[in-house]
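S.K.: Just passing along the structure, written as structure tokens.
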Amino acid sequence: MALLDLIGISKSYESQQILNDIDFFVSKGDRICIIGKNGGGKSTLMQIINNTLDFEEGRRIIQNGIKVEMLNQSPVFEDNISVKDAIEAELSDLKNAKTEYENLTIKLANDFENSDLLKKQEYLTNFLDTHNAWNLDDKIERVLQQFRLKEYEDYPVSMLSGGEQRRVTLAGLILKKPDILLLDEPTNHLDVYMVEFLEEMLLKEKFTIVFISHDRYFIDRLATKTVEIDDCKLRTFQGGYDKYLSAKEALLLSLSKSHDTLLKHLKSEEAWLRRGVKARLKRNEGRKQRVFELRENAKKNPSLIHKMKLELEREQKNFNQEKSTNKQKMLFEMYDIHLKLGNKKLITSFSGRILQNDRIAIVGKNGAGKSTLLKIFLEELKVDSGSFKKGEFSIGYFDQQRTSLDEEKNITEIFCPNGGDRVDVRGRNMHVFGYLKNFLFPKEHLNKKIKFLSGGEKNRVALALLFTKEIDCLILDEPTNDLDIPTINILEEYIQSFQGAVIFVSHDRYFVDKIAKKLYIFKGNGKIEESYQTYSEYLEIEKEIIELDTFTSKDEKTKTKITTNRTVKLTYKEKLEYESLPLDIEKIENEIEELQECLKNPECYQKIGLTKLSEKLNKKEAQLEPLIEQYLELEEKVELISTL
């Protein structure tokens, strides 16, 4: 049964039809991605789902008690509220329910047959289970850390940047876990580590979500359905971006040739996926299997874990692709450069060369200094020490503020500043509409002033203008922000055909994997690492190294504890526990299994009472966890003693 239905919805703005007689539904557990061109109706559909926008025809039906909440692009907060308080304010209903549950439990201890209290407790238990709200304080702390808001937790939200404020709102929403969560471009202003945390949170907590995104890896990992808005209608595809590409290509093959351009993009995307990503995933699976095997072997020989870590680090750092560089023009040369802003080290002892055909992605955490490196290339900043040399060549720069655009001019005036309707595109004279239709602009937009365009449309104008220039090097700062997927495909095509160097900052993993031949990775504290891997493969190896570090750290702590003991043997008490704990664990596991079976059987749970049965199960599960931890610690100690 659907949680929410839209039936026969039509919506238009003045004379422009946006949605025409569309049907849409959301069921529990759905993760639906809405895709389509900018201005095609994605945000309109989201607002109708959220019940914040009226429509001319149709019905919106929602189950009683179902709450829908949406991540706002421009969040609003109370005056002077702190970051942590703003997050906790979103969770007041959950905290009140937890307090009420605890009070009821105390009352039931003295009045355990009170049916009204039992019903209320059962309702609160289900409510807290649904929103996974039993350990909110721990979850708040984790989200603050992962979204890098911990250092600002006592600051007024008003002091934060727009991107940081969105992270505060997003943190509150994912902890609150509404019945249906609406996310409009949730990965904007998040670095790849934050995106990965968000993905894991949404999957682990089994969210029901409807989202808009241009991050194709994010779509592929999360979406159970992909809904495309095209020509005021909806078309639904099962699965994420990869399955959407295959299904859309098959569909377009059966339609008219007017879809040739889009079909070409889809074929290009699919070919790249088959050639690159699938092979990478296969390699990663093989490497993961080696990690798991080594972990098992490490119980007999702990040095194998250290060896595996060294192998991964070598693979990460020394993955090299020798190229013939003697005929390529040198653009930038850096030797031992350093740069600090205030007390913060942004670049420490970095050396590198950039040649005329390089494709370099600058990646890393937010605030690490990526845009600062671009400013050095643009000669807007000077290094504190070291040697930085720039050759004689021309640069085309795309910035997030779109400073190249005059807001008071219309699109034609931007491309034809001297009048007329012709534009030179790298030696080729074209009609301005003939060129701009490649960037998905309709003819009626040509006389529209820049200030009336959306953020995504402004980005399209800026990128289209950039590709008309005679330049040797493209420098792009977050070029995919606010772009829809069709426009990103066009951008990728133009970059791949560009005869020159491309240096760009991006958090879009798919875009980086597809375009970059080399990475400059900001590791923190000024350290920059160079790599020829795909970004996804680098991140995968980095994750495995962290897992091995955690494993080794735990191993070393236990070993240190043993070697610092007077005797490297189990105490008499520990020996008894080591022998008895498996039996205790098995007994409780059997009891848990019996309780779970009873919960599946109406005759059984009606005799005992659903609430009492659930409490017994929770109690047994709570008893089991520390016993397992205790046994595993003793087992590690026994195994490590055998290696000493």
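Naming works like this for the structure tokens: A, B, ... for the chains as they're shown, residue 1 at the start of each chain, ligands 1 onward in shown order.
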Need to verify the contact set: stretch 101-109 of chain A, 9 Å, only C-alpha atoms, exclusion of same-chain residues closer than 4 positions in sequence. Can you return it as a ChimeraX atom specification?

M.R.: /A:96-97,113-114,117-118,120-121,124-125

S.K.: I'd like the contact shell of stretch 138-147 of chain A - 7 Å cut-off, only C-alpha atoms, skipping same-chain residues fewer than 3 positions apart - returned as a PyMOL selection string.

M.R.: chain A and resi 135+150+167+171+194+197

S.K.: So, counting only C-alpha atoms, which residue among A:Asn188, A:Ser580, A:Thr224, A:Ser115 is closest to A:Val26?

M.R.: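 Of A:Asn188, A:Ser580, A:Thr224, A:Ser115, the one nearest A:Val26 is A:Thr224, counting only C-alpha atoms.
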
S.K.: Can you pull out the residues contacting A:Ile49? Cut-off 10 Å, using only C-alpha atoms, and skip same-chain residues under 4 positions away; I want them as a list in words.

M.R.: Leu4, Asp5, Leu6, Phe24, Phe25, Val26, Ser43, Thr44, Leu45, Leu53, Arg60, Ile61, Ile62, Val68, Glu69, Met70, Ile180, Leu182 and Val210 of chain A
